[in-house]
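**Student:** Provided below: start04.pdb, containing PDB, C-alpha atoms, pLDDT in the B column.
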ATOM      1  CA  MET P  37       9.526   0.420  18.365  1.00 96.00           C
ATOM      2  CA  LEU P  38       8.873  -2.620  16.215  1.00 98.00           C
ATOM      3  CA  GLU P  39       8.538  -5.881  18.104  1.00 98.00           C
ATOM      4  CA  ILE P  40       8.648  -8.788  15.693  1.00 98.00           C
ATOM      5  CA  PRO P  41       8.656 -12.578  16.262  1.00 98.00           C
ATOM      6  CA  LYS P  42      11.863 -14.301  15.155  1.00 98.00           C
ATOM      7  CA  ASP P  43      10.157 -16.544  12.561  1.00 98.00           C
ATOM      8  CA  LEU P  44       8.601 -13.544  10.802  1.00 98.00           C
ATOM      9  CA  TYR P  45      11.908 -11.662  10.873  1.00 98.00           C
ATOM     10  CA  ASP P  46      13.581 -14.692   9.271  1.00 98.00           C
ATOM     11  CA  LYS P  47      10.862 -14.964   6.606  1.00 98.00           C
ATOM     12  CA  ILE P  48      11.370 -11.347   5.542  1.00 98.00           C
ATOM     13  CA  VAL P  49      15.130 -11.828   5.261  1.00 98.00           C
ATOM     14  CA  ALA P  50      14.697 -15.124   3.374  1.00 98.00           C
ATOM     15  CA  HIS P  51      12.309 -13.479   0.893  1.00 98.00           C
ATOM     16  CA  ALA P  52      14.728 -10.589   0.336  1.00 98.00           C
ATOM     17  CA  ARG P  53      17.579 -13.070  -0.239  1.00 97.00           C
ATOM     18  CA  ALA P  54      15.519 -15.228  -2.601  1.00 97.00           C
ATOM     19  CA  ASP P  55      14.573 -12.315  -4.864  1.00 97.00           C
ATOM     20  CA  HIS P  56      18.009 -10.679  -4.856  1.00 96.00           C
ATOM     21  CA  PRO P  57      19.137  -8.869  -7.061  1.00 96.00           C
ATOM     22  CA  ASP P  58      15.538  -7.720  -7.585  1.00 97.00           C
ATOM     23  CA  GLU P  59      13.746  -5.934  -4.764  1.00 97.00           C
ATOM     24  CA  ALA P  60      11.414  -8.120  -2.712  1.00 98.00           C
ATOM     25  CA  CYS P  61       8.283  -6.739  -1.028  1.00 98.00           C
ATOM     26  CA  GLY P  62       5.404  -7.784   1.165  1.00 98.00           C
ATOM     27  CA  LEU P  63       3.674  -7.184   4.443  1.00 98.00           C
ATOM     28  CA  ILE P  64       2.815  -8.652   7.802  1.00 98.00           C
ATOM     29  CA  ALA P  65      -0.793  -8.287   8.826  1.00 98.00           C
ATOM     30  CA  GLY P  66      -2.026  -8.095  12.392  1.00 98.00           C
ATOM     31  CA  PRO P  67      -5.264  -7.369  14.242  1.00 97.00           C
ATOM     32  CA  VAL P  68      -6.469  -3.774  13.781  1.00 94.00           C
ATOM     33  CA  GLY P  69      -5.029  -1.505  16.465  1.00 94.00           C
ATOM     34  CA  SER P  70      -2.875  -4.243  18.017  1.00 96.00           C
ATOM     35  CA  ASP P  71       0.498  -3.219  16.522  1.00 97.00           C
ATOM     36  CA  ARG P  72       1.304  -6.960  16.542  1.00 97.00           C
ATOM     37  CA  PRO P  73       2.667  -8.407  13.292  1.00 98.00           C
ATOM     38  CA  GLN P  74       1.256 -11.933  12.864  1.00 98.00           C
ATOM     39  CA  ARG P  75       0.482 -13.060   9.313  1.00 98.00           C
ATOM     40  CA  PHE P  76       3.343 -13.043   6.788  1.00 98.00           C
ATOM     41  CA  ILE P  77       2.222 -12.153   3.259  1.00 98.00           C
ATOM     42  CA  PRO P  78       4.959 -12.054   0.606  1.00 98.00           C
ATOM     43  CA  MET P  79       3.852 -10.030  -2.431  1.00 98.00           C
ATOM     44  CA  THR P  80       4.807 -10.127  -6.087  1.00 97.00           C
ATOM     45  CA  ASN P  81       7.012  -7.221  -7.098  1.00 97.00           C
ATOM     46  CA  ALA P  82       5.115  -6.266 -10.257  1.00 96.00           C
ATOM     47  CA  ALA P  83       8.087  -4.102 -11.306  1.00 95.00           C
ATOM     48  CA  ARG P  84      10.561  -7.051 -11.049  1.00 95.00           C
ATOM     49  CA  SER P  85      13.369  -4.564 -10.747  1.00 96.00           C
ATOM     50  CA  PRO P  86      16.584  -4.150  -8.742  1.00 96.00           C
ATOM     51  CA  THR P  87      15.683  -0.506  -8.048  1.00 95.00           C
ATOM     52  CA  PHE P  88      11.885  -0.383  -7.784  1.00 96.00           C
ATOM     53  CA  TYR P  89       9.086  -2.354  -6.213  1.00 96.00           C
ATOM     54  CA  GLU P  90       5.367  -2.198  -6.624  1.00 96.00           C
ATOM     55  CA  PHE P  91       2.727  -4.506  -5.178  1.00 97.00           C
ATOM     56  CA  ASP P  92       0.842  -6.228  -7.969  1.00 96.00           C
ATOM     57  CA  SER P  93      -2.448  -4.283  -7.890  1.00 96.00           C
ATOM     58  CA  THR P  94      -4.748  -7.267  -8.369  1.00 96.00           C
ATOM     59  CA  GLU P  95      -2.969  -9.294  -5.682  1.00 97.00           C
ATOM     60  CA  GLN P  96      -3.065  -6.252  -3.405  1.00 97.00           C
ATOM     61  CA  PHE P  97      -6.840  -5.965  -3.810  1.00 97.00           C
ATOM     62  CA  GLN P  98      -7.315  -9.610  -2.773  1.00 97.00           C
ATOM     63  CA  VAL P  99      -4.971  -9.291   0.204  1.00 97.00           C
ATOM     64  CA  TRP P 100      -6.641  -6.065   1.402  1.00 96.00           C
ATOM     65  CA  GLN P 101     -10.079  -7.747   1.128  1.00 94.00           C
ATOM     66  CA  GLU P 102      -8.806 -10.674   3.196  1.00 96.00           C
ATOM     67  CA  MET P 103      -7.415  -8.328   5.846  1.00 96.00           C
ATOM     68  CA  ASP P 104     -10.740  -6.494   5.935  1.00 92.00           C
ATOM     69  CA  ASP P 105     -12.602  -9.782   6.413  1.00 92.00           C
ATOM     70  CA  HIS P 106     -10.290 -10.737   9.312  1.00 95.00           C
ATOM     71  CA  ASP P 107     -10.220  -7.264  10.932  1.00 95.00           C
ATOM     72  CA  GLU P 108      -6.537  -6.974  10.146  1.00 96.00           C
ATOM     73  CA  GLU P 109      -4.360  -4.164   8.884  1.00 95.00           C
ATOM     74  CA  PRO P 110      -0.826  -3.970   7.468  1.00 96.00           C
ATOM     75  CA  VAL P 111       1.345  -3.734  10.609  1.00 98.00           C
ATOM     76  CA  VAL P 112       4.622  -4.123   8.699  1.00 98.00           C
ATOM     77  CA  ILE P 113       5.256  -3.171   5.065  1.00 98.00           C
ATOM     78  CA  TYR P 114       8.653  -4.418   3.949  1.00 98.00           C
ATOM     79  CA  HIS P 115      10.890  -4.258   0.918  1.00 97.00           C
ATOM     80  CA  SER P 116      14.541  -4.763   0.140  1.00 97.00           C
ATOM     81  CA  HIS P 117      17.258  -2.539  -1.237  1.00 97.00           C
ATOM     82  CA  THR P 118      19.727  -4.725  -3.050  1.00 96.00           C
ATOM     83  CA  ALA P 119      22.662  -2.370  -3.584  1.00 95.00           C
ATOM     84  CA  THR P 120      22.055   0.614  -1.321  1.00 94.00           C
ATOM     85  CA  GLU P 121      21.557   1.336   2.367  1.00 94.00           C
ATOM     86  CA  ALA P 122      18.442   0.123   4.189  1.00 96.00           C
ATOM     87  CA  TYR P 123      17.147   3.677   4.489  1.00 96.00           C
ATOM     88  CA  PRO P 124      13.936   4.996   2.840  1.00 97.00           C
ATOM     89  CA  SER P 125      14.651   6.644  -0.506  1.00 96.00           C
ATOM     90  CA  ARG P 126      12.820   9.696  -1.758  1.00 94.00           C
ATOM     91  CA  THR P 127      10.610   7.360  -3.798  1.00 94.00           C
ATOM     92  CA  ASP P 128       9.825   5.285  -0.698  1.00 96.00           C
ATOM     93  CA  VAL P 129       8.807   8.408   1.201  1.00 96.00           C
ATOM     94  CA  SER P 130       6.657   9.794  -1.612  1.00 93.00           C
ATOM     95  CA  TYR P 131       4.648   6.566  -1.808  1.00 93.00           C
ATOM     96  CA  ALA P 132       4.371   5.887   1.918  1.00 94.00           C
ATOM     97  CA  SER P 133       0.680   6.134   2.746  1.00 91.00           C
ATOM     98  CA  GLU P 134       0.171   4.014   5.851  1.00 90.00           C
ATOM     99  CA  PRO P 135       1.154   6.260   8.769  1.00 86.00           C
ATOM    100  CA  GLY P 136       0.263   3.446  11.180  1.00 91.00           C
ATOM    101  CA  ALA P 137       2.606   0.903   9.574  1.00 96.00           C
ATOM    102  CA  HIS P 138       6.196   0.011  10.346  1.00 98.00           C
ATOM    103  CA  TYR P 139       8.173   0.362   7.122  1.00 98.00           C
ATOM    104  CA  VAL P 140      10.871  -2.295   7.184  1.00 98.00           C
ATOM    105  CA  LEU P 141      13.874  -2.152   4.877  1.00 98.00           C
ATOM    106  CA  VAL P 142      16.288  -5.012   4.361  1.00 98.00           C
ATOM    107  CA  CYS P 143      19.577  -4.525   2.581  1.00 97.00           C
ATOM    108  CA  THR P 144      20.992  -7.552   0.765  1.00 97.00           C
ATOM    109  CA  ARG P 145      24.114  -6.033  -0.817  1.00 96.00           C
ATOM    110  CA  ASP P 146      26.374  -7.963   1.597  1.00 95.00           C
ATOM    111  CA  PRO P 147      25.836 -11.701   0.957  1.00 92.00           C
ATOM    112  CA  GLU P 148      26.807 -12.578   4.558  1.00 92.00           C
ATOM    113  CA  HIS P 149      24.989  -9.910   6.503  1.00 94.00           C
ATOM    114  CA  SER P 150      21.450  -8.544   6.042  1.00 94.00           C
ATOM    115  CA  GLU P 151      20.759  -5.094   7.394  1.00 96.00           C
ATOM    116  CA  PHE P 152      17.213  -4.968   8.877  1.00 98.00           C
ATOM    117  CA  ARG P 153      15.826  -1.572   9.892  1.00 98.00           C
ATOM    118  CA  SER P 154      12.406  -0.124  10.626  1.00 98.00           C
ATOM    119  CA  TYR P 155      10.877   3.330  10.141  1.00 98.00           C
ATOM    120  CA  ARG P 156       7.718   5.303  10.575  1.00 97.00           C
ATOM    121  CA  ILE P 157       6.925   7.509   7.609  1.00 96.00           C
ATOM    122  CA  THR P 158       4.340  10.198   8.325  1.00 93.00           C
ATOM    123  CA  ASP P 159       3.651  13.246   6.154  1.00 89.00           C
ATOM    124  CA  GLY P 160       6.998  12.855   4.426  1.00 92.00           C
ATOM    125  CA  GLN P 161       8.905  12.605   7.739  1.00 96.00           C
ATOM    126  CA  VAL P 162      11.077   9.544   8.286  1.00 97.00           C
ATOM    127  CA  THR P 163      11.728   8.372  11.845  1.00 97.00           C
ATOM    128  CA  GLU P 164      13.887   5.326  12.484  1.00 98.00           C
ATOM    129  CA  GLU P 165      12.788   3.095  15.350  1.00 98.00           C
ATOM    130  CA  PRO P 166      14.453   0.248  17.243  1.00 98.00           C
ATOM    131  CA  VAL P 167      13.664  -3.329  16.234  1.00 98.00           C
ATOM    132  CA  THR P 168      13.223  -5.987  18.908  1.00 98.00           C
ATOM    133  CA  VAL P 169      13.179  -9.596  17.782  1.00 98.00           C
ATOM    134  CA  VAL P 170      11.239 -11.855  20.141  1.00 97.00           C
ATOM    135  CA  GLU P 171      11.174 -15.651  20.286  1.00 90.00           C
TER     136      GLU P 171
ATOM    137  CA  MET F 188     -29.375   2.585  -5.557  1.00 70.00           C
ATOM    138  CA  ALA F 189     -26.024   4.221  -5.950  1.00 95.00           C
ATOM    139  CA  ILE F 190     -22.389   3.402  -6.468  1.00 98.00           C
ATOM    140  CA  GLU F 191     -20.577   2.469  -3.286  1.00 97.00           C
ATOM    141  CA  VAL F 192     -17.093   3.929  -2.918  1.00 98.00           C
ATOM    142  CA  ARG F 193     -14.628   2.525  -0.361  1.00 96.00           C
ATOM    143  CA  ILE F 194     -12.109   5.008   0.962  1.00 96.00           C
ATOM    144  CA  PRO F 195      -8.714   4.073   2.441  1.00 92.00           C
ATOM    145  CA  THR F 196      -7.676   5.375   5.888  1.00 88.00           C
ATOM    146  CA  ILE F 197      -5.319   7.973   4.460  1.00 88.00           C
ATOM    147  CA  LEU F 198      -8.125   9.703   2.483  1.00 94.00           C
ATOM    148  CA  ARG F 199     -10.835   9.592   5.145  1.00 94.00           C
ATOM    149  CA  THR F 200     -10.028  13.165   6.146  1.00 94.00           C
ATOM    150  CA  TYR F 201     -12.059  14.069   3.038  1.00 97.00           C
ATOM    151  CA  THR F 202     -15.055  11.956   4.048  1.00 97.00           C
ATOM    152  CA  ASP F 203     -15.372  12.942   7.743  1.00 96.00           C
ATOM    153  CA  GLY F 204     -13.858   9.624   8.663  1.00 95.00           C
ATOM    154  CA  ALA F 205     -16.307   7.542   6.635  1.00 96.00           C
ATOM    155  CA  LYS F 206     -14.987   4.253   5.300  1.00 93.00           C
ATOM    156  CA  GLN F 207     -17.603   4.169   2.624  1.00 96.00           C
ATOM    157  CA  VAL F 208     -19.466   6.855   0.697  1.00 98.00           C
ATOM    158  CA  GLU F 209     -21.959   6.836  -2.157  1.00 97.00           C
ATOM    159  CA  GLY F 210     -22.072   8.605  -5.471  1.00 98.00           C
ATOM    160  CA  SER F 211     -23.422   8.508  -8.986  1.00 97.00           C
ATOM    161  CA  GLY F 212     -22.321   8.939 -12.573  1.00 97.00           C
ATOM    162  CA  ALA F 213     -22.035   7.041 -15.834  1.00 97.00           C
ATOM    163  CA  THR F 214     -18.255   6.812 -15.787  1.00 98.00           C
ATOM    164  CA  LEU F 215     -15.569   6.824 -13.112  1.00 98.00           C
ATOM    165  CA  ALA F 216     -14.703  10.413 -14.095  1.00 97.00           C
ATOM    166  CA  GLU F 217     -18.319  11.512 -13.551  1.00 97.00           C
ATOM    167  CA  LEU F 218     -18.495   9.650 -10.260  1.00 98.00           C
ATOM    168  CA  LEU F 219     -15.425  11.529  -8.980  1.00 97.00           C
ATOM    169  CA  VAL F 220     -16.950  14.876 -10.008  1.00 96.00           C
ATOM    170  CA  ASP F 221     -20.135  13.922  -8.147  1.00 97.00           C
ATOM    171  CA  LEU F 222     -18.201  12.887  -5.011  1.00 98.00           C
ATOM    172  CA  GLU F 223     -16.245  16.143  -5.075  1.00 97.00           C
ATOM    173  CA  GLN F 224     -19.472  18.086  -4.388  1.00 97.00           C
ATOM    174  CA  ARG F 225     -19.804  16.429  -0.979  1.00 97.00           C
ATOM    175  CA  HIS F 226     -16.186  15.502  -0.292  1.00 97.00           C
ATOM    176  CA  GLY F 227     -14.157  18.493  -1.409  1.00 96.00           C
ATOM    177  CA  GLY F 228     -10.491  17.773  -2.098  1.00 96.00           C
ATOM    178  CA  LEU F 229     -10.906  14.040  -2.652  1.00 97.00           C
ATOM    179  CA  ARG F 230     -10.845  14.202  -6.446  1.00 96.00           C
ATOM    180  CA  GLU F 231      -7.537  16.025  -6.529  1.00 95.00           C
ATOM    181  CA  ARG F 232      -5.939  13.248  -4.495  1.00 95.00           C
ATOM    182  CA  LEU F 233      -7.034  10.720  -7.104  1.00 96.00           C
ATOM    183  CA  VAL F 234      -6.555  12.446 -10.438  1.00 96.00           C
ATOM    184  CA  ASP F 235      -4.284  14.995 -12.040  1.00 92.00           C
ATOM    185  CA  ASP F 236      -4.092  16.371 -15.587  1.00 87.00           C
ATOM    186  CA  GLY F 237      -2.737  13.100 -16.863  1.00 82.00           C
ATOM    187  CA  GLY F 238      -5.540  10.941 -15.429  1.00 92.00           C
ATOM    188  CA  LEU F 239      -5.410   8.685 -12.394  1.00 95.00           C
ATOM    189  CA  ARG F 240      -2.542   9.422 -10.055  1.00 94.00           C
ATOM    190  CA  ARG F 241       0.310   6.955  -9.883  1.00 89.00           C
ATOM    191  CA  PHE F 242       0.000   6.762  -6.076  1.00 89.00           C
ATOM    192  CA  VAL F 243      -3.466   5.238  -5.993  1.00 94.00           C
ATOM    193  CA  ASN F 244      -5.162   2.126  -7.282  1.00 97.00           C
ATOM    194  CA  VAL F 245      -8.845   2.350  -8.149  1.00 98.00           C
ATOM    195  CA  TYR F 246     -10.864  -0.816  -8.633  1.00 98.00           C
ATOM    196  CA  LEU F 247     -14.276  -1.317 -10.176  1.00 98.00           C
ATOM    197  CA  ASN F 248     -15.678  -4.264  -8.223  1.00 97.00           C
ATOM    198  CA  ASP F 249     -12.502  -6.399  -8.177  1.00 94.00           C
ATOM    199  CA  GLU F 250     -10.784  -5.124 -11.278  1.00 97.00           C
ATOM    200  CA  ASP F 251      -8.057  -2.435 -11.469  1.00 97.00           C
ATOM    201  CA  VAL F 252      -9.550   0.300 -13.680  1.00 98.00           C
ATOM    202  CA  ARG F 253      -6.153   0.718 -15.366  1.00 95.00           C
ATOM    203  CA  PHE F 254      -6.917  -2.616 -17.034  1.00 96.00           C
ATOM    204  CA  LEU F 255     -10.391  -1.352 -17.991  1.00 97.00           C
ATOM    205  CA  ALA F 256     -10.796   2.129 -19.456  1.00 97.00           C
ATOM    206  CA  GLY F 257      -9.258   4.218 -16.665  1.00 96.00           C
ATOM    207  CA  LEU F 258     -11.349   7.299 -15.905  1.00 97.00           C
ATOM    208  CA  ASP F 259     -13.633   6.462 -18.845  1.00 97.00           C
ATOM    209  CA  THR F 260     -14.602   3.133 -17.288  1.00 98.00           C
ATOM    210  CA  PRO F 261     -18.418   2.895 -17.266  1.00 98.00           C
ATOM    211  CA  VAL F 262     -19.957   2.522 -13.803  1.00 98.00           C
ATOM    212  CA  LYS F 263     -23.524   1.794 -12.748  1.00 97.00           C
ATOM    213  CA  ASP F 264     -25.759   1.591  -9.689  1.00 97.00           C
ATOM    214  CA  GLY F 265     -24.851  -1.373  -7.537  1.00 97.00           C
ATOM    215  CA  ASP F 266     -21.157  -1.262  -8.460  1.00 98.00           C
ATOM    216  CA  THR F 267     -18.479  -0.955  -5.817  1.00 98.00           C
ATOM    217  CA  VAL F 268     -15.461   1.275  -6.418  1.00 98.00           C
ATOM    218  CA  THR F 269     -12.511   0.687  -4.095  1.00 98.00           C
ATOM    219  CA  VAL F 270      -9.606   3.082  -3.651  1.00 97.00           C
ATOM    220  CA  LEU F 271      -6.341   1.751  -2.229  1.00 97.00           C
ATOM    221  CA  PRO F 272      -3.016   3.528  -1.880  1.00 94.00           C
ATOM    222  CA  ALA F 273      -0.478   1.960  -4.256  1.00 95.00           C
ATOM    223  CA  VAL F 274       2.315   0.300  -2.287  1.00 96.00           C
ATOM    224  CA  ALA F 275       5.546   1.040  -4.091  1.00 96.00           C
ATOM    225  CA  GLY F 276       8.998   2.505  -3.736  1.00 94.00           C
ATOM    226  CA  GLY F 277      12.558   1.532  -4.381  1.00 89.00           C
ATOM    227  CA  ALA F 278      16.184   2.360  -4.050  1.00 85.00           C
ATOM    228  CA  LEU F 279      16.247   5.287  -6.489  1.00 77.00           C
TER     229      LEU F 279
END
Can you turn what I pasted into structure tokens?
**Tutor:**
Amino acid sequence: MLEIPKDLYDKIVAHARADHPDEACGLIAGPVGSDRPQRFIPMTNAARSPTFYEFDSTEQFQVWQEMDDHDEEPVVIYHSHTATEAYPSRTDVSYASEPGAHYVLVCTRDPEHSEFRSYRITDGQVTEEPVTVVE
Amino acid sequence: MAIEVRIPTILRTYTDGAKQVEGSGATLAELLVDLEQRHGGLRERLVDDGGLRRFVNVYLNDEDVRFLAGLDTPVKDGDTVTVLPAVAGGAL
């Protein structure tokens, strides 16, 4: 299960909305081993595409260094799908390389309603998990 | 002195869990061949026939080697090479 504070949930949705129709991406860092998402880090989608996202590699290096310095890890890795279901695509699964992370997908195809779902992706296996938003 | 190589969680199965290993070579390609002798299987996760795999980012100090000379990037004692999984995906 993913337990996520309301303000962080809102920030992910706002980022996805702001970058629509391109895919938005980023992460939420938290203390190593805690499974608690705490620090919201929106990332540049270097692909700037409606069907693909890729963390900018230089920005990623800096962010990973920062997490290392603070004993943090990526607890949530999020991106948006702007015209298709919030379910991991084959591409998403092939790239997924953080078995400890919650992979969050937001769908922005409906302007009124954002679909927000979370998955574990381990060894090519996708498992959906419930999302609990806490105040 | 040697070249320090930082390994991401997902590839630590090849380094007996070590976060950091050491190697030598004049280029990144040579360094990976050297590492392979002690950490069998690691090289294949990083390179294929076409060069560096799409799924990983390799940095020399703080620079992505794709912006340098890729596998031909010169390396020297005291350098740090960092491997990170590329974070990517998309609807298609």
**Student:** Find the residues in chain F near chain P: any atom within 10 Å counts, using all atoms listed in the file. Write them as a ChimeraX atom specification.
**Tutor:** /F:195-198,241-246,249-251,253,269-279
**Student:** Quick one, how far is atom CA of P:Ser154 from atom CA of P:Val142?
**Tutor:**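 The value is 8.8 Å.
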**Student:** So, with all atoms listed in the file as the atoms that count, which of P:Leu63, P:Val140, P:Leu44, P:Val167 lies closest to P:Glu109?
**Tutor:** P:Leu63
**Student:** If you measure from atom CA of F:Val234 to atom CA of P:Val99, what distance in Å do you get, rounded to one decimal?
**Tutor:**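 That distance, rounded to one decimal, is 24.3 Å.
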**Student:** What would the selection look like, as an MDAnalysis selection string, if the PyMOL selection byres ((chain F and resi 268) around 10) were run on the coordinates I just shared?
**Tutor:** chainID F and resid 190:194 207:210 215 218 245:252 262 265:267 269:270
**Student:** Provide the atom CA of F:Asp236 to atom CA of F:Leu255 distance in Å, to one decimal place.
**Tutor:**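 Between atom CA of F:Asp236 and atom CA of F:Leu255 the gap works out to 19.0 Å.
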**Student:** Missing atoms in stretch 120-140 of chain P need filling: write out N, CA and C atoms for it as a PDB file, in the frame of the given file.
**Tutor:**
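Full text of out29.pdb as output:
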ATOM      1  N   THR P 120      21.901  -0.635  -2.082  1.00 94.00           N
ATOM      2  CA  THR P 120      22.055   0.614  -1.321  1.00 94.00           C
ATOM      3  C   THR P 120      21.595   0.403   0.121  1.00 94.00           C
ATOM      4  N   GLU P 121      21.881   1.404   0.944  1.00 94.00           N
ATOM      5  CA  GLU P 121      21.557   1.336   2.367  1.00 94.00           C
ATOM      6  C   GLU P 121      20.074   1.040   2.634  1.00 94.00           C
ATOM      7  N   ALA P 122      19.818   0.401   3.776  1.00 96.00           N
ATOM      8  CA  ALA P 122      18.442   0.123   4.189  1.00 96.00           C
ATOM      9  C   ALA P 122      17.834   1.373   4.823  1.00 96.00           C
ATOM     10  N   TYR P 123      17.723   2.421   4.024  1.00 96.00           N
ATOM     11  CA  TYR P 123      17.147   3.677   4.489  1.00 96.00           C
ATOM     12  C   TYR P 123      16.129   4.115   3.432  1.00 96.00           C
ATOM     13  N   PRO P 124      14.964   4.649   3.830  1.00 97.00           N
ATOM     14  CA  PRO P 124      13.936   4.996   2.840  1.00 97.00           C
ATOM     15  C   PRO P 124      14.435   6.036   1.825  1.00 97.00           C
ATOM     16  N   SER P 125      14.260   5.718   0.558  1.00 96.00           N
ATOM     17  CA  SER P 125      14.651   6.644  -0.506  1.00 96.00           C
ATOM     18  C   SER P 125      13.562   7.700  -0.665  1.00 96.00           C
ATOM     19  N   ARG P 126      13.833   8.674  -1.501  1.00 94.00           N
ATOM     20  CA  ARG P 126      12.820   9.696  -1.758  1.00 94.00           C
ATOM     21  C   ARG P 126      11.544   9.058  -2.344  1.00 94.00           C
ATOM     22  N   THR P 127      11.765   8.053  -3.206  1.00 94.00           N
ATOM     23  CA  THR P 127      10.610   7.360  -3.798  1.00 94.00           C
ATOM     24  C   THR P 127       9.806   6.656  -2.707  1.00 94.00           C
ATOM     25  N   ASP P 128      10.515   5.986  -1.788  1.00 96.00           N
ATOM     26  CA  ASP P 128       9.825   5.285  -0.698  1.00 96.00           C
ATOM     27  C   ASP P 128       8.957   6.262   0.090  1.00 96.00           C
ATOM     28  N   VAL P 129       9.517   7.425   0.379  1.00 96.00           N
ATOM     29  CA  VAL P 129       8.807   8.408   1.201  1.00 96.00           C
ATOM     30  C   VAL P 129       7.598   8.953   0.444  1.00 96.00           C
ATOM     31  N   SER P 130       7.766   9.200  -0.867  1.00 93.00           N
ATOM     32  CA  SER P 130       6.657   9.794  -1.612  1.00 93.00           C
ATOM     33  C   SER P 130       5.478   8.833  -1.724  1.00 93.00           C
ATOM     34  N   TYR P 131       5.737   7.538  -1.713  1.00 93.00           N
ATOM     35  CA  TYR P 131       4.648   6.566  -1.808  1.00 93.00           C
ATOM     36  C   TYR P 131       4.065   6.169  -0.456  1.00 93.00           C
ATOM     37  N   ALA P 132       4.805   6.413   0.618  1.00 94.00           N
ATOM     38  CA  ALA P 132       4.371   5.887   1.918  1.00 94.00           C
ATOM     39  C   ALA P 132       3.019   6.463   2.318  1.00 94.00           C
ATOM     40  N   SER P 133       2.011   5.601   2.463  1.00 91.00           N
ATOM     41  CA  SER P 133       0.680   6.134   2.746  1.00 91.00           C
ATOM     42  C   SER P 133      -0.024   5.380   3.870  1.00 91.00           C
ATOM     43  N   GLU P 134       0.756   4.683   4.682  1.00 90.00           N
ATOM     44  CA  GLU P 134       0.171   4.014   5.851  1.00 90.00           C
ATOM     45  C   GLU P 134       0.893   4.530   7.089  1.00 90.00           C
ATOM     46  N   PRO P 135       0.440   5.669   7.629  1.00 86.00           N
ATOM     47  CA  PRO P 135       1.154   6.260   8.769  1.00 86.00           C
ATOM     48  C   PRO P 135       1.188   5.350   9.992  1.00 86.00           C
ATOM     49  N   GLY P 136       0.288   4.354  10.033  1.00 91.00           N
ATOM     50  CA  GLY P 136       0.263   3.446  11.180  1.00 91.00           C
ATOM     51  C   GLY P 136       1.202   2.259  11.020  1.00 91.00           C
ATOM     52  N   ALA P 137       1.796   2.099   9.834  1.00 96.00           N
ATOM     53  CA  ALA P 137       2.606   0.903   9.574  1.00 96.00           C
ATOM     54  C   ALA P 137       4.071   1.123   9.914  1.00 96.00           C
ATOM     55  N   HIS P 138       4.741   0.004  10.209  1.00 98.00           N
ATOM     56  CA  HIS P 138       6.196   0.011  10.346  1.00 98.00           C
ATOM     57  C   HIS P 138       6.754  -0.299   8.958  1.00 98.00           C
ATOM     58  N   TYR P 139       7.551   0.606   8.425  1.00 98.00           N
ATOM     59  CA  TYR P 139       8.173   0.362   7.122  1.00 98.00           C
ATOM     60  C   TYR P 139       9.533  -0.285   7.347  1.00 98.00           C
ATOM     61  N   VAL P 140       9.627  -1.558   6.980  1.00 98.00           N
ATOM     62  CA  VAL P 140      10.871  -2.295   7.184  1.00 98.00           C
ATOM     63  C   VAL P 140      11.674  -2.336   5.895  1.00 98.00           C
TER      64      VAL P 140
END
